[in-house]
$ cat model-v7.txt   # compact mmCIF, C-alpha atoms
# COMPACT_ATOMS: atom_id res chain seq x y z
CA MET A 1 0.00 0.00 0.00
CA PRO A 2 2.32 2.78 -1.19
CA ASN A 3 -0.34 5.38 -0.49
CA HIS A 4 -0.80 4.33 3.12
CA GLN A 5 2.98 4.08 3.51
CA GLY A 6 3.35 7.63 2.18
CA SER A 7 0.72 8.95 4.51
CA LEU A 8 2.32 7.29 7.57
CA ASP A 9 5.55 9.15 6.63
CA GLN A 10 3.60 12.40 6.56
CA VAL A 11 1.57 11.73 9.71
CA PHE A 12 4.63 10.87 11.81
CA HIS A 13 6.51 13.83 10.35
CA ALA A 14 3.59 16.14 11.17
CA LEU A 15 3.52 14.92 14.79
CA ALA A 16 7.28 15.32 15.30
CA ASP A 17 6.86 18.99 16.18
CA PRO A 18 5.62 20.17 19.62
CA SER A 19 3.62 23.12 18.21
CA ARG A 20 1.85 20.85 15.74
CA ARG A 21 1.06 18.37 18.53
CA GLU A 22 -0.32 21.31 20.57
CA ILE A 23 -2.60 22.19 17.63
CA VAL A 24 -3.77 18.55 17.42
CA GLU A 25 -4.42 18.48 21.19
CA ARG A 26 -6.50 21.67 20.88
CA LEU A 27 -8.48 20.29 17.91
CA ALA A 28 -9.12 16.97 19.70
CA GLY A 29 -11.45 19.04 21.91
CA GLY A 30 -13.33 20.45 18.92
CA PRO A 31 -12.95 22.60 15.77
CA ALA A 32 -11.22 25.97 16.04
CA SER A 33 -10.46 28.96 13.84
CA VAL A 34 -6.89 29.70 12.79
CA SER A 35 -6.73 32.70 15.12
CA GLU A 36 -8.01 30.61 18.06
CA LEU A 37 -5.28 28.06 17.31
CA ALA A 38 -2.63 30.78 16.99
CA ARG A 39 -3.46 32.51 20.31
CA PRO A 40 -1.73 30.10 22.77
CA LEU A 41 1.22 29.49 20.42
CA GLU A 42 3.91 32.12 20.76
CA MET A 43 4.58 32.53 17.05
CA SER A 44 3.61 34.63 14.04
CA LEU A 45 0.43 33.87 12.08
CA PRO A 46 2.47 32.82 8.98
CA ALA A 47 4.36 30.30 11.14
CA VAL A 48 1.06 28.91 12.45
CA LEU A 49 -0.29 28.68 8.89
CA GLN A 50 2.83 26.77 7.86
CA HIS A 51 2.30 24.25 10.66
CA LEU A 52 -1.36 23.91 9.65
CA GLN A 53 -0.30 23.26 6.07
CA VAL A 54 1.92 20.36 7.22
CA LEU A 55 -0.96 18.98 9.31
CA GLU A 56 -3.36 19.34 6.37
CA SER A 57 -1.11 17.65 3.82
CA SER A 58 -0.63 14.73 6.24
CA GLY A 59 -4.41 14.35 6.47
CA VAL A 60 -4.45 14.92 10.25
CA VAL A 61 -6.35 18.21 9.95
CA VAL A 62 -8.93 19.51 7.47
CA SER A 63 -10.06 23.12 7.17
CA GLU A 64 -12.89 25.05 5.60
CA LYS A 65 -13.22 28.76 4.92
CA THR A 66 -16.52 30.53 5.58
CA GLY A 67 -16.34 34.23 4.79
CA ARG A 68 -13.08 35.42 6.32
CA VAL A 69 -12.81 32.68 8.94
CA ARG A 70 -10.93 29.42 8.30
CA THR A 71 -12.13 26.70 10.66
CA CYS A 72 -9.89 23.67 11.30
CA ARG A 73 -10.90 20.29 12.63
CA LEU A 74 -9.25 16.93 13.27
CA ALA A 75 -9.65 14.17 10.65
CA PRO A 76 -9.03 11.23 12.99
CA ALA A 77 -8.42 8.53 10.32
CA ALA A 78 -4.78 9.59 9.85
CA LEU A 79 -4.09 9.51 13.60
CA ARG A 80 -5.84 6.14 13.78
CA ALA A 81 -3.53 4.72 11.05
CA ALA A 82 -0.48 5.78 13.10
CA GLU A 83 -1.95 4.36 16.32
CA THR A 84 -2.77 1.07 14.54
CA TRP A 85 0.77 0.74 13.22
CA LEU A 86 2.24 1.38 16.70
CA GLY A 87 -0.20 -1.08 18.27
CA ALA A 88 0.80 -3.78 15.76
CA GLN A 89 4.49 -3.42 16.69
CA ARG A 90 3.68 -3.54 20.40
CA THR A 91 1.49 -6.63 19.94
CA ALA A 92 4.22 -8.45 17.96
CA TRP A 93 6.75 -7.55 20.65
CA GLU A 94 4.50 -8.65 23.53
CA ARG A 95 3.66 -11.96 21.80
CA ARG A 96 7.36 -12.63 21.47
CA LEU A 97 7.89 -11.92 25.19
CA ASP A 98 4.99 -14.26 26.03
CA ARG A 99 6.54 -17.08 23.99
CA LEU A 100 9.91 -16.38 25.62
CA GLY A 101 8.25 -16.50 29.06
CA ASP A 102 6.72 -19.88 28.24
CA VAL A 103 10.09 -21.27 27.16
CA LEU A 104 11.79 -19.98 30.33
CA ALA A 105 8.98 -21.30 32.55
CA SER A 106 9.16 -24.77 31.02
CA HIS A 107 12.95 -24.80 31.42
CA GLY A 108 12.61 -23.63 35.03
CA SER A 109 10.19 -26.46 35.89
CA GLY A 110 12.50 -28.96 34.20
CA GLU A 111 9.67 -30.04 31.88
CA PRO A 112 9.38 -29.45 28.17
CA ALA A 113 6.81 -26.82 27.18
CA ALA A 114 3.40 -28.39 26.56
CA GLU A 115 2.67 -27.57 22.97
CA GLY A 116 -0.12 -25.03 22.49
CA GLU A 117 -0.66 -24.67 26.24
CA ASP A 118 -2.63 -21.54 27.07
CA ARG A 119 -2.47 -20.55 23.43
CA PRO A 120 -5.52 -20.12 21.20
CA MET B 1 7.54 17.50 30.91
CA PRO B 2 10.19 18.92 28.57
CA ASN B 3 12.08 15.64 28.52
CA HIS B 4 9.07 13.59 27.50
CA GLN B 5 8.12 16.29 24.97
CA GLY B 6 11.61 16.12 23.47
CA SER B 7 11.48 12.38 23.16
CA LEU B 8 8.06 12.42 21.45
CA ASP B 9 9.63 14.77 18.88
CA GLN B 10 12.40 12.25 18.32
CA VAL B 11 10.17 9.16 18.32
CA PHE B 12 7.75 10.61 15.74
CA HIS B 13 10.69 11.86 13.66
CA ALA B 14 12.30 8.42 13.78
CA LEU B 15 9.08 6.76 12.60
CA ALA B 16 8.55 9.20 9.71
CA ASP B 17 10.84 7.15 7.46
CA PRO B 18 9.70 3.90 5.78
CA SER B 19 13.12 2.18 6.14
CA ARG B 20 13.22 2.97 9.85
CA ARG B 21 9.67 1.64 10.26
CA GLU B 22 10.78 -1.51 8.41
CA ILE B 23 13.63 -1.91 10.92
CA VAL B 24 11.17 -1.47 13.81
CA GLU B 25 8.80 -4.05 12.27
CA ARG B 26 11.70 -6.51 11.98
CA LEU B 27 12.81 -5.89 15.59
CA ALA B 28 9.25 -6.28 16.91
CA GLY B 29 9.73 -9.97 16.06
CA GLY B 30 12.97 -10.19 18.06
CA PRO B 31 16.55 -8.88 18.27
CA ALA B 32 18.70 -8.82 15.13
CA SER B 33 22.27 -8.00 14.14
CA VAL B 34 23.01 -4.93 12.02
CA SER B 35 23.77 -7.12 8.98
CA GLU B 36 20.50 -9.04 9.42
CA LEU B 37 18.67 -5.70 9.50
CA ALA B 38 20.57 -4.42 6.47
CA ARG B 39 19.88 -7.47 4.25
CA PRO B 40 16.25 -6.74 3.20
CA LEU B 41 16.87 -2.98 2.92
CA GLU B 42 18.28 -2.00 -0.44
CA MET B 43 20.87 0.45 0.85
CA SER B 44 24.50 0.70 1.90
CA LEU B 45 25.62 -0.36 5.38
CA PRO B 46 26.52 3.28 6.32
CA ALA B 47 22.96 4.32 5.38
CA VAL B 48 21.52 1.55 7.57
CA LEU B 49 23.81 2.59 10.44
CA GLN B 50 22.60 6.16 10.08
CA HIS B 51 18.96 5.02 10.35
CA LEU B 52 19.86 2.93 13.39
CA GLN B 53 21.48 5.96 14.99
CA VAL B 54 18.25 7.97 14.58
CA LEU B 55 16.27 5.07 16.08
CA GLU B 56 18.74 4.77 18.98
CA SER B 57 18.77 8.48 19.84
CA SER B 58 14.96 8.45 19.88
CA GLY B 59 15.04 5.57 22.39
CA VAL B 60 13.05 3.24 20.09
CA VAL B 61 16.02 0.87 19.61
CA VAL B 62 18.92 -0.14 21.84
CA SER B 63 22.01 -2.01 20.70
CA GLU B 64 24.87 -3.94 22.26
CA LYS B 65 28.16 -5.02 20.74
CA THR B 66 29.55 -8.48 21.48
CA GLY B 67 32.84 -9.13 19.70
CA ARG B 68 32.29 -7.91 16.17
CA VAL B 69 28.52 -8.27 16.14
CA ARG B 70 26.18 -5.40 17.13
CA THR B 71 22.77 -6.74 18.16
CA CYS B 72 19.77 -4.39 18.08
CA ARG B 73 16.50 -4.76 19.91
CA LEU B 74 13.33 -2.77 20.41
CA ALA B 75 12.94 -0.68 23.59
CA PRO B 76 9.15 -0.54 23.61
CA ALA B 77 8.71 2.30 26.15
CA ALA B 78 9.32 4.98 23.48
CA LEU B 79 6.78 3.44 21.10
CA ARG B 80 4.33 3.14 24.00
CA ALA B 81 4.69 6.88 24.77
CA ALA B 82 3.78 7.70 21.15
CA GLU B 83 0.86 5.25 21.18
CA THR B 84 -0.40 6.72 24.48
CA TRP B 85 -0.30 10.26 23.10
CA LEU B 86 -2.23 9.22 19.97
CA GLY B 87 -4.75 7.30 22.07
CA ALA B 88 -5.34 10.36 24.28
CA GLN B 89 -6.16 12.53 21.24
CA ARG B 90 -8.52 9.88 19.85
CA THR B 91 -10.27 9.51 23.21
CA ALA B 92 -10.76 13.28 23.55
CA TRP B 93 -12.11 13.40 20.00
CA GLU B 94 -14.49 10.44 20.53
CA ARG B 95 -15.80 11.89 23.83
CA ARG B 96 -16.59 15.11 22.02
CA LEU B 97 -18.49 13.19 19.31
CA ASP B 98 -20.42 11.30 22.01
CA ARG B 99 -21.47 14.56 23.66
CA LEU B 100 -22.42 15.97 20.25
CA GLY B 101 -24.47 12.83 19.55
CA ASP B 102 -26.31 13.24 22.85
CA VAL B 103 -27.11 16.87 22.06
CA LEU B 104 -28.37 15.99 18.58
CA ALA B 105 -30.43 13.06 19.89
CA SER B 106 -32.10 15.22 22.53
CA HIS B 107 -32.86 17.89 19.92
CA GLY B 108 -34.25 15.25 17.56
CA SER B 109 -36.64 13.93 20.21
CA GLY B 110 -37.78 17.49 20.98
CA GLU B 111 -36.78 17.07 24.62
CA PRO B 112 -33.98 18.85 26.44
CA ALA B 113 -30.96 16.67 27.19
CA ALA B 114 -31.30 14.97 30.58
CA GLU B 115 -28.30 16.18 32.50
CA GLY B 116 -25.70 13.51 33.14
CA GLU B 117 -27.73 10.85 31.30
CA ASP B 118 -25.61 7.81 30.50
CA ARG B 119 -22.57 9.63 31.84
CA PRO B 120 -20.47 8.43 34.74

$ encode --input "model-v7.txt" --output "structure tokens"
Amino acid sequence: MPNHQGSLDQVFHALADPSRREIVERLAGGPASVSELARPLEMSLPAVLQHLQVLESSGVVVSEKTGRVRTCRLAPAALRAAETWLGAQRTAWERRLDRLGDVLASHGSGEPAAEGEDRP
Amino acid sequence: MPNHQGSLDQVFHALADPSRREIVERLAGGPASVSELARPLEMSLPAVLQHLQVLESSGVVVSEKTGRVRTCRLAPAALRAAETWLGAQRTAWERRLDRLGDVLASHGSGEPAAEGEDRP
């Protein structure tokens, strides 16, 4: 899935900046205008717009302009893709530790591991 | 938590590259030597070492040298920190949608929302 791969690159890149994570945290609580997002960040409006552009191209944020106000909101699918990838690595790692624990336990008891024991 | 903040920057940056994610996926299945990690990646050994350095400074990977072999393994705490942050944003977002759903449902039924209904 080259498309998905590409978007994971962009999502992780977008989240690698503390100001962009602050914007995401703000938007997780609900949509906000660009000036509302800019207020707590100690930076110029062009700098904020640049961060928003990175978040938009990664698919983490979408925005819509009504009159003179641009409203931003979270598009959670991109964040979910990143969370799913991280969860898959953790699960693979934990499964490996479980298997290792079984091997060590069976060695400790002096008995060979019962095949498939406690495993679905 | 400036330290934690800094490491989230580094973890997300480390994961923003497809080769580094491939290394993480490989290590989620168990420790591997640098040459084992390099084999499936179509790049020079110095390039692989550079990727490993980014993964190590982010805390995602640790390595140990025994004789001439450097063995790498996953240090899952860093990945867990990233997963936790993503999960927190998703939870905040979903809670907001739940509240919004309650408001819409109460409007649809023509009754005001019962305060605290179905809320802990």

$ closest_residue --input "model-v7.txt" --among "A:Gly67, A:Gly87, A:Gly101, A:Gly59" --to "chain B" --atoms "only C-alpha atoms"
A:Gly87

$ closest_atom_pairs --input "model-v7.txt" --of "segment 34-115 of chain B" --to "segment 14-17 of chain B" --cutoff "10 Å" --atoms "only C-alpha atoms" --output "tab-separated table"
residue	atom	partner	partner_atom	distance
B:His51	CA	B:Ala14	CA	8.2
B:Leu52	CA	B:Ala14	CA	9.4
B:Gln53	CA	B:Ala14	CA	9.6
B:Val54	CA	B:Ala14	CA	6.0
B:Leu55	CA	B:Ala14	CA	5.7
B:Glu56	CA	B:Ala14	CA	9.0
B:Ser57	CA	B:Ala14	CA	8.9
B:Ser58	CA	B:Ala14	CA	6.7
B:Gly59	CA	B:Ala14	CA	9.5
B:Val60	CA	B:Ala14	CA	8.2
B:Leu79	CA	B:Leu15	CA	9.4

$ interface_residues --input "model-v7.txt" --of "chain B" --to "chain A" --cutoff "9 Å" --atoms "only C-alpha atoms" --output "PDB file with C-alpha atoms, in the coordinates of the input"
ATOM      1  CA  GLN B   5       8.120  16.290  24.970  1.00  0.00           C
ATOM      2  CA  GLY B   6      11.610  16.120  23.470  1.00  0.00           C
ATOM      3  CA  LEU B   8       8.060  12.420  21.450  1.00  0.00           C
ATOM      4  CA  ASP B   9       9.630  14.770  18.880  1.00  0.00           C
ATOM      5  CA  GLN B  10      12.400  12.250  18.320  1.00  0.00           C
ATOM      6  CA  VAL B  11      10.170   9.160  18.320  1.00  0.00           C
ATOM      7  CA  PHE B  12       7.750  10.610  15.740  1.00  0.00           C
ATOM      8  CA  HIS B  13      10.690  11.860  13.660  1.00  0.00           C
ATOM      9  CA  ALA B  14      12.300   8.420  13.780  1.00  0.00           C
ATOM     10  CA  LEU B  15       9.080   6.760  12.600  1.00  0.00           C
ATOM     11  CA  ALA B  16       8.550   9.200   9.710  1.00  0.00           C
ATOM     12  CA  ASP B  17      10.840   7.150   7.460  1.00  0.00           C
ATOM     13  CA  PRO B  18       9.700   3.900   5.780  1.00  0.00           C
ATOM     14  CA  VAL B  24      11.170  -1.470  13.810  1.00  0.00           C
ATOM     15  CA  GLU B  25       8.800  -4.050  12.270  1.00  0.00           C
ATOM     16  CA  LEU B  27      12.810  -5.890  15.590  1.00  0.00           C
ATOM     17  CA  ALA B  28       9.250  -6.280  16.910  1.00  0.00           C
ATOM     18  CA  GLY B  29       9.730  -9.970  16.060  1.00  0.00           C
ATOM     19  CA  GLY B  30      12.970 -10.190  18.060  1.00  0.00           C
ATOM     20  CA  LEU B  74      13.330  -2.770  20.410  1.00  0.00           C
ATOM     21  CA  PRO B  76       9.150  -0.540  23.610  1.00  0.00           C
ATOM     22  CA  LEU B  79       6.780   3.440  21.100  1.00  0.00           C
ATOM     23  CA  ARG B  80       4.330   3.140  24.000  1.00  0.00           C
ATOM     24  CA  ALA B  82       3.780   7.700  21.150  1.00  0.00           C
ATOM     25  CA  GLU B  83       0.860   5.250  21.180  1.00  0.00           C
ATOM     26  CA  THR B  84      -0.400   6.720  24.480  1.00  0.00           C
ATOM     27  CA  LEU B  86      -2.230   9.220  19.970  1.00  0.00           C
ATOM     28  CA  GLY B  87      -4.750   7.300  22.070  1.00  0.00           C
ATOM     29  CA  ALA B  88      -5.340  10.360  24.280  1.00  0.00           C
ATOM     30  CA  GLN B  89      -6.160  12.530  21.240  1.00  0.00           C
ATOM     31  CA  ARG B  90      -8.520   9.880  19.850  1.00  0.00           C
ATOM     32  CA  THR B  91     -10.270   9.510  23.210  1.00  0.00           C
ATOM     33  CA  ALA B  92     -10.760  13.280  23.550  1.00  0.00           C
ATOM     34  CA  TRP B  93     -12.110  13.400  20.000  1.00  0.00           C
ATOM     35  CA  GLU B  94     -14.490  10.440  20.530  1.00  0.00           C
ATOM     36  CA  ARG B  95     -15.800  11.890  23.830  1.00  0.00           C
ATOM     37  CA  ARG B  96     -16.590  15.110  22.020  1.00  0.00           C
ATOM     38  CA  LEU B  97     -18.490  13.190  19.310  1.00  0.00           C
TER      39      LEU B  97
END

$ atom_distance --input "model-v7.txt" --atom1 "atom CA of Thr71 of chain B" --atom2 "atom CA of Ala38 of chain B"
12.1 Å

$ atom_distance --input "model-v7.txt" --atom1 "atom CA of Val69 of chain A" --atom2 "atom CA of Ser33 of chain A"
6.6 Å

$ atom_distance --input "model-v7.txt" --atom1 "atom CA of Arg70 of chain B" --atom2 "atom CA of Leu45 of chain B"
12.8 Å

$ closest_residue --input "model-v7.txt" --among "A:Arg99, A:His107, A:Lys65, A:Arg20" --to "Leu37 of chain A" --atoms "all atoms listed in the file"
A:Arg20

$ build_atoms --input "model-v7.txt" --residues "segment 18-29 of chain B" --atoms "all heavy atoms" --output "compact mmCIF listing (two decimals), in the coordinates of the input"
# COMPACT_ATOMS: atom_id res chain seq x y z
N PRO B 18 10.14 5.28 6.01
CA PRO B 18 9.70 3.90 5.78
C PRO B 18 10.78 2.84 6.08
O PRO B 18 10.44 1.75 6.56
CB PRO B 18 9.31 3.87 4.30
CG PRO B 18 9.94 5.09 3.69
CD PRO B 18 10.08 6.09 4.79
N SER B 19 12.06 3.15 5.84
CA SER B 19 13.12 2.18 6.14
C SER B 19 13.25 2.00 7.65
O SER B 19 13.45 0.88 8.14
CB SER B 19 14.47 2.64 5.58
OG SER B 19 14.37 2.85 4.20
N ARG B 20 13.12 3.10 8.39
CA ARG B 20 13.22 2.97 9.85
C ARG B 20 12.02 2.21 10.40
O ARG B 20 12.16 1.42 11.33
CB ARG B 20 13.36 4.36 10.49
CG ARG B 20 14.73 4.98 10.19
CD ARG B 20 15.06 6.11 11.14
NE ARG B 20 14.27 7.31 10.96
CZ ARG B 20 14.62 8.34 10.19
NH1 ARG B 20 15.76 8.33 9.53
NH2 ARG B 20 13.85 9.40 10.10
N ARG B 21 10.83 2.43 9.80
CA ARG B 21 9.67 1.64 10.26
C ARG B 21 9.87 0.16 9.93
O ARG B 21 9.49 -0.71 10.71
CB ARG B 21 8.36 2.15 9.64
CG ARG B 21 7.89 3.48 10.24
CD ARG B 21 6.40 3.74 9.98
NE ARG B 21 6.06 3.70 8.58
CZ ARG B 21 6.25 4.72 7.73
NH1 ARG B 21 6.80 5.85 8.14
NH2 ARG B 21 5.89 4.62 6.47
N GLU B 22 10.51 -0.12 8.78
CA GLU B 22 10.78 -1.51 8.41
C GLU B 22 11.72 -2.16 9.45
O GLU B 22 11.52 -3.31 9.83
CB GLU B 22 11.41 -1.55 7.01
CG GLU B 22 11.20 -2.88 6.30
CD GLU B 22 11.71 -2.85 4.86
OE1 GLU B 22 11.53 -1.81 4.18
OE2 GLU B 22 12.27 -3.87 4.42
N ILE B 23 12.71 -1.40 9.89
CA ILE B 23 13.63 -1.91 10.92
C ILE B 23 12.85 -2.20 12.21
O ILE B 23 13.04 -3.25 12.83
CB ILE B 23 14.78 -0.89 11.18
CG1 ILE B 23 15.69 -0.81 9.94
CG2 ILE B 23 15.57 -1.25 12.42
CD1 ILE B 23 16.79 0.26 10.02
N VAL B 24 11.97 -1.28 12.59
CA VAL B 24 11.17 -1.47 13.81
C VAL B 24 10.29 -2.71 13.68
O VAL B 24 10.19 -3.53 14.60
CB VAL B 24 10.31 -0.21 14.12
CG1 VAL B 24 9.30 -0.49 15.23
CG2 VAL B 24 11.20 0.96 14.50
N GLU B 25 9.66 -2.88 12.50
CA GLU B 25 8.80 -4.05 12.27
C GLU B 25 9.61 -5.34 12.41
O GLU B 25 9.14 -6.32 12.99
CB GLU B 25 8.15 -3.97 10.88
CG GLU B 25 7.04 -2.92 10.81
CD GLU B 25 6.57 -2.62 9.38
OE1 GLU B 25 7.08 -3.26 8.43
OE2 GLU B 25 5.70 -1.74 9.21
N ARG B 26 10.84 -5.33 11.87
CA ARG B 26 11.70 -6.51 11.98
C ARG B 26 12.03 -6.78 13.44
O ARG B 26 11.97 -7.93 13.90
CB ARG B 26 12.95 -6.27 11.13
CG ARG B 26 14.10 -7.25 11.36
CD ARG B 26 13.74 -8.67 10.97
NE ARG B 26 14.79 -9.61 11.36
CZ ARG B 26 14.95 -10.10 12.58
NH1 ARG B 26 14.15 -9.72 13.57
NH2 ARG B 26 15.92 -10.97 12.82
N LEU B 27 12.38 -5.72 14.19
CA LEU B 27 12.81 -5.89 15.59
C LEU B 27 11.64 -6.23 16.52
O LEU B 27 11.86 -6.76 17.60
CB LEU B 27 13.54 -4.64 16.08
CG LEU B 27 14.89 -4.35 15.42
CD1 LEU B 27 15.47 -3.04 15.94
CD2 LEU B 27 15.88 -5.50 15.65
N ALA B 28 10.42 -5.92 16.09
CA ALA B 28 9.25 -6.28 16.91
C ALA B 28 9.15 -7.81 17.01
O ALA B 28 8.59 -8.34 17.97
CB ALA B 28 7.98 -5.70 16.31
N GLY B 29 9.73 -8.50 16.04
CA GLY B 29 9.73 -9.97 16.06
C GLY B 29 10.89 -10.56 16.83
O GLY B 29 10.96 -11.77 17.01
